[in-house]
Every structure is written in C-alpha cells, then in structure tokens.
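Inspection log for the structure reproduced underneath, given as structure tokens.
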Amino acid sequence: MIEPAPAQYTEEFEVNMGPQHPSTHGVLRLLLKMDGEIIKEAEPYIGYLHRAIEKICENRTYNQCLPFLDRVEYVTSMSCEEVFCLATERIAGMEIPERAEYLRVIMLEFNRIASHLIFLGTFSLDLGAITPFLYCLREREDIIDLFEMTSGQRLTYNYIRVGGVAADIPPEFVPLARKFVNMFQDKVDDYEAILTENPIFLARTKDVGIFDKDMCINYGVSGPILRATGVDWDLRRDDPYSVYDRFRFEIPTGKVGDTWDRYMVRVREMRQSNEIIRQALDQLPEGGTRAKVKPAAFKPPAGEIYTRIENSRGELGCHIIADGTTKPYRVKLRGGSFTHTQMIPEIAPGVMIADLVAIFASMDVILPEVDR
Amino acid sequence: MAYSNPFWKGIYNLLIGLGVTIRYLFSHAITLQYPTERWPMPERSRGQVVLLSDKETGKLNCTACTLCAKACPTAAISMDRYKGEDKKWKLSKFDVDFTICCYCGFCEEACNFDAIKLAPKYEYSSYDKESLFYDMHKLQEVGRDVDYTPKRPKKKAAPTPAVDAEKTEGDVKTDSEQPPTQPESPNDKPTKPEGDK
Ligand code: SF4
Ligand code: SF4
C-alpha cells in the first residue's frame, strides 16, 4: 500500500543574485524573494563599485578630472568627457573650433555604436546565443582601433578636452572610418538575421518585461528604454548640443515597451548613428581642434550649471558648481543606469528569474555608472 | 503558403541565421596567435611611461622642471631635484609608480623638453608589486629604443637652459610630495601651445 504523500507545502525563500553573477554586468546584488521560479520581491543593493569619483574631481583641476570621468562609464567614455567639457565650456562661455565639434560628434557616435554592440553581444549571451557576441566584438574592435590611433587608448580615451579635443585625427582615420561606415549596415543585417526573427529569441523576448510608459516617465527613465515604450524623446534632437542640429537622423521608437522593442530600438539606433557619422565625415571642416586654454591654470568664473547629453544609456547629466578657482567646487553626475536600476523592484514581481536576466540585460545597465 | 505557418516560419528564420554563421565559417579568421604574432601598435598608443634620453649623448632630456609631476592627476610621479654646480636643476630621483598611473598622458603633454613619453609598450605585467615601481634608471633603460618626434626644433645648445624651467605655470595643484622650491611666476607665458601634435 502506498503511503499518502505528506501535505504539500510551499514557502518563499530568498536568494542572492550577484554580486558575482555573470548576468548582472558588474557587481549588482539583487536580493530576490522567490516563490518557486517566480519572483515576489526584488531589491537591488548597489555600491560595490563606488570609487568616489565625484569627490576626486573636487581635488583636481578641470583637465585632471577627465581621466577619472572616463572610468565612470567605461563603455562610452567619450560621452562622460563630453558632458563634463560641455558644462565647463558653458560656464566659461567658451567657443570651441568647429572641427573639434565635428570630431566630437564622430567620436560620440562611434562610441554609441560600440556601446550598443556590447549591449547586443552581452544581451544575446545572456539569452544563450553566443555567436552574435563574437560578431559584435569583432566590429567593436574596428571602432576601438580607430579610437586608439586617434587618442592612444582603447578604453579610457581622455580625448575630448575642455576647449576642443586633444589632438587632430591622424590622416588614415577618415578612409578607415568611411570603410567602417560603408560596411557596417551589412553587419547589422547579419546580427538581425541571427536574432530578430529567431523563434527562440522571440520566445524569450516578445511580451516579456513590458514597461509602462507612465511608469518610465515617473521614474525618470530616459534613453532607449523610454523610446522603446513609444515616447519620442532624444536629447540630441530635443535639447541639441554640439552640432547635432546639422544632421538628419531619425529617432527610433518602439510600440509595446517589451524586451524585444528595447533590442530593436538599439539596433535601429546603431544604423542611425552610422548615418550621422557618414554625414559628419562628409561635412568635416578644416581648422584647429582646440581653443586656447592653459590646462593647468584654466579658471572658469564662478557659476553653476547643469548640462545633459544623450549617451547610449539615456540622459547623462553633469552638474558643476564652479567657485572661480582652478578646481570645481562640486561635480555631480547623473547617469541613466542609476535611474534604471531603481526600477527593478517595480518590474521584477511576477516574472520568472530567467526572464529577469533577459529584462535586466535589455536595460543595458552598467554598474560603474550606478555606483560611480 | 508554408511561410504563414509559425512552425515553418521559425525553421525558415533559423536557417537564415545559420546561413550567416556558415558564411563566416568559410571566411578567414580575424584573430591572431598572440604570443607569436602581435598587432602593430599605433604611434600615439599610450602604454608604459618612459624617460627619453638624447640619442647622441645618451643623457636624459629631463631638466627637472617638475611640470609633469604637477600635471599628473594621480601623483604617480614623485621626483627630487637639486641645484647642480652649473646652477641647473638636476634630477636626484624620478619614480613612476605604475600601480597608480592611469595612462592619461598628461605628463607627456606637460613636458616641453621631449623628456617623458608614453611609449607603445604594454608587456611589463608582473606578479610582484615592487617591480612596478620604476626608478629613473629603469625608466631610462626602457626608453632607450623609443622613437619620438621632437615637439619643437632643437636649439643649438644641446641641453635646454634651466631658465626655461623657471617659467612654469603657477597655480597648479601638486600632489607630489615634493613642492617646487623656486618662486613661481603667475599664469602668464604658457611654455607650450596646447593641443598641438
Ligand atoms: S600617464 Fe598620467 S597618471 Fe601616468 S604618470 Fe603620466 S600624468 Fe601621471
Ligand atoms: S616635465 Fe619633462 S623636463 Fe620637466 S621634469 Fe617632467 S620629464 Fe623632466
């Protein structure tokens, strides 16, 4: 005779996801309260990568801050330099040469492509597709080579400086950049052939992690995540900085706001960035690349300013208080990733743990920017 | 039509993806076998910090003006100097701590005498922290074979007069433990135009 099974019971349990979890893209720790496979509550714990960069900047001259700002967001270092330089230049009321503006745009857009390629690679890796990761890093390598020949560094460029850029591009830059721009659309076609309509990929992403438009706006979300919900908002067009108003480009938006939309928005953004670079290369004027600044003795007048730019993760802001000395009195950075991370408690309840990996990967959060 | 069936549509799209991978399977590899093959490094590549010496005399180009130590954002450079008999500054110590150097290149930009450079060298990692503290002689040794284009044409007198070293830009925060001893002139006369190359 078979014993009757003891009365079944379930209980909730807590698991730590991270800080050394491969899919948290750094050192995020999520404390998950689970009911089987379903998440009941999620709470992010941040701060493992805190390096006090804002405080460090208070003790450095304006130019000396730049190598540290590179490390705030090492996937798109150029944008961190750009936002800080933009703020400083606006305080000082400085004009920068036109060629430098164009070079900045080229670098920023190349950096956006490189960042989205990292996103695409790690996103597909988290979903179990290894091939696109290798292809994406292959194209990123070409961009990094361009950066290296221009700035000398592969990750922390220290290229955009207060008053312009550090150096003019080497003569072989433009032909190589054109070659990349002409080839890149085909490569995006390749990624799309592997991923976009792949049934496994669709099953993992379609209608998974739908973000509500109003919730995103309430949380201050920006960038591709916001655009995936259908909000047409891009600072490059809506609050133009540098010379972005001289280029024609589209702002891709999604419809539903699910994981697939966030993927698709970024893929289309890469194509648009490619077109911006093509136009910028065509229009690239001659001239100097740096306004006359004495880097060590550069003293912007006392003042306070907030500038923002659109980087690959959303609005990247920089609030500088200058007190008329060679060092900033206060530097505050506003990174998109920080804002996006705080949405996790809102979106996680009710989804499967495997889907949380997909959702979190599609948010493209980078932890050094969260912790700073 | 078969395409409208989700099953066949899935199979069809999988095959498209496989087609891409198969195409790349038969294209040639883009990787290098690292220890035996190496990528050429671009000229501007910022690697190890080296001290450059004069190709003819073999002496260091450095005039001990401390500009680089003041420009360094991480205080990786620590230097000591003394006044020699000919009233010129001489280096007595020039250490670069590669454990905190962030390879920003500000020292190279600050130097007016082609004396310090970030060379495209990157193979000096070690298991031992001590071996990443480079002193003057070690830095000179690694810099011997580094080519450089002079920032400004050389004057007739080979060693640059030490008077130039006095015209440093003032008002620089110095993180190095060696405060400059000479009186600093105010921020006039930048000794070098910015953003050249
Ligand atoms: S590269 Fe930068 S951190 Fe390194 S020694 Fe030179 S100035 Fe200092
Ligand atoms: S700036 Fe150049 S010359 Fe002056 S101390 Fe440094 S290396 Fe020597």
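We label chains A, B, ... in the order they appear in the structure tokens, count residues from 1 in each chain, and number ligands from 1 in the order shown.
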Tell me the residues of chain B close to chain A, meaning within 6 Å using only C-alpha atoms, as a count of residues only. 11
Protein and nucleic acid residues within 6 Å of ligand 1 (only C-alpha atoms and all ligand atoms) as a list of chain:residue names: B:Ala71, B:Cys72, B:Pro73, B:Thr74, B:Ala76, B:Ile77, B:Cys101, B:Cys102, B:Tyr103, B:Cys104, B:Gly105, B:Phe106, B:Cys107
Please produce a file of those selected residues containing N, CA and C atoms, as a PDB file, in the first residue's frame.
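Listed below is the output, out.pdb:
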```pdb
ATOM      1  N   ALA B  71      51.284  67.990 -13.326  1.00  0.00           N
ATOM      2  CA  ALA B  71      50.159  67.691 -14.213  1.00  0.00           C
ATOM      3  C   ALA B  71      49.546  66.337 -13.914  1.00  0.00           C
ATOM      4  N   CYS B  72      50.273  65.488 -13.245  1.00  0.00           N
ATOM      5  CA  CYS B  72      49.805  64.113 -13.060  1.00  0.00           C
ATOM      6  C   CYS B  72      48.603  64.087 -12.130  1.00  0.00           C
ATOM      7  N   PRO B  73      47.472  63.558 -12.569  1.00  0.00           N
ATOM      8  CA  PRO B  73      46.280  63.582 -11.718  1.00  0.00           C
ATOM      9  C   PRO B  73      46.308  62.549 -10.605  1.00  0.00           C
ATOM     10  N   THR B  74      47.146  61.554 -10.707  1.00  0.00           N
ATOM     11  CA  THR B  74      47.139  60.519  -9.672  1.00  0.00           C
ATOM     12  C   THR B  74      48.381  60.562  -8.804  1.00  0.00           C
ATOM     13  N   ALA B  76      51.379  59.850  -9.617  1.00  0.00           N
ATOM     14  CA  ALA B  76      52.177  58.648  -9.844  1.00  0.00           C
ATOM     15  C   ALA B  76      53.658  58.980  -9.961  1.00  0.00           C
ATOM     16  N   ILE B  77      53.952  60.228 -10.272  1.00  0.00           N
ATOM     17  CA  ILE B  77      55.345  60.631 -10.437  1.00  0.00           C
ATOM     18  C   ILE B  77      55.817  61.257  -9.140  1.00  0.00           C
ATOM     19  N   CYS B 101      49.478  54.792 -11.831  1.00  0.00           N
ATOM     20  CA  CYS B 101      49.442  55.559 -13.080  1.00  0.00           C
ATOM     21  C   CYS B 101      48.188  55.169 -13.854  1.00  0.00           C
ATOM     22  N   CYS B 102      47.479  56.171 -14.395  1.00  0.00           N
ATOM     23  CA  CYS B 102      46.264  55.837 -15.132  1.00  0.00           C
ATOM     24  C   CYS B 102      46.464  56.032 -16.636  1.00  0.00           C
ATOM     25  N   TYR B 103      47.665  56.194 -17.079  1.00  0.00           N
ATOM     26  CA  TYR B 103      47.992  56.259 -18.507  1.00  0.00           C
ATOM     27  C   TYR B 103      47.198  57.348 -19.221  1.00  0.00           C
ATOM     28  N   CYS B 104      47.107  58.484 -18.562  1.00  0.00           N
ATOM     29  CA  CYS B 104      46.316  59.557 -19.155  1.00  0.00           C
ATOM     30  C   CYS B 104      47.137  60.352 -20.156  1.00  0.00           C
ATOM     31  N   GLY B 105      48.434  60.381 -20.013  1.00  0.00           N
ATOM     32  CA  GLY B 105      49.261  61.092 -20.965  1.00  0.00           C
ATOM     33  C   GLY B 105      49.460  62.549 -20.649  1.00  0.00           C
ATOM     34  N   PHE B 106      48.994  63.014 -19.498  1.00  0.00           N
ATOM     35  CA  PHE B 106      49.173  64.425 -19.170  1.00  0.00           C
ATOM     36  C   PHE B 106      50.646  64.769 -18.944  1.00  0.00           C
ATOM     37  N   CYS B 107      51.420  63.840 -18.426  1.00  0.00           N
ATOM     38  CA  CYS B 107      52.833  64.133 -18.190  1.00  0.00           C
ATOM     39  C   CYS B 107      53.524  64.412 -19.524  1.00  0.00           C
TER      40      CYS B 107
END
```
Pick from B:Ala110, B:Ala75, B:Ala69, B:Met136: nearest to Phe94 (chain B), with only C-alpha atoms counted?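 Closest to Phe94 (chain B) of all the choices is B:Met136.
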Distance filter 8 Å around ligand 2, atoms: only C-alpha atoms and all ligand atoms, out as an MDAnalysis selection string: chainID B and resid 51 61:69 79 107:108 110:116 165
Calculate how many Å separate CA of Asn111 (chain A) from CA of Asp70 (chain A), rounding to one decimal.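 One can read the CA of Asn111 (chain A) to CA of Asp70 (chain A) distance as 12.4 Å.
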Using Å and a single decimal, report how far CA of Met78 (chain A) sits from CA of Asp323 (chain A).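 Computing it gives 25.7 Å between the two atoms.
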Check the DSSP output for the backbone and give back, as number ranges by chain, the residues of region 23-198 of chain A in strand (DSSP E). A: 29-35, 38-45, 160-161, 164-165
Can you tell me how far CA of Glu130 (chain B) sits from CA of Tyr148 (chain B), in Å to one decimal? 28.6 Å
Residue contacts of Gly26 (chain A) (10 Å, only C-alpha atoms) excluding same-chain residues fewer than 2 positions away, as a PyMOL selection string: chain A and resi 18-24+28-29+48-49+365-368
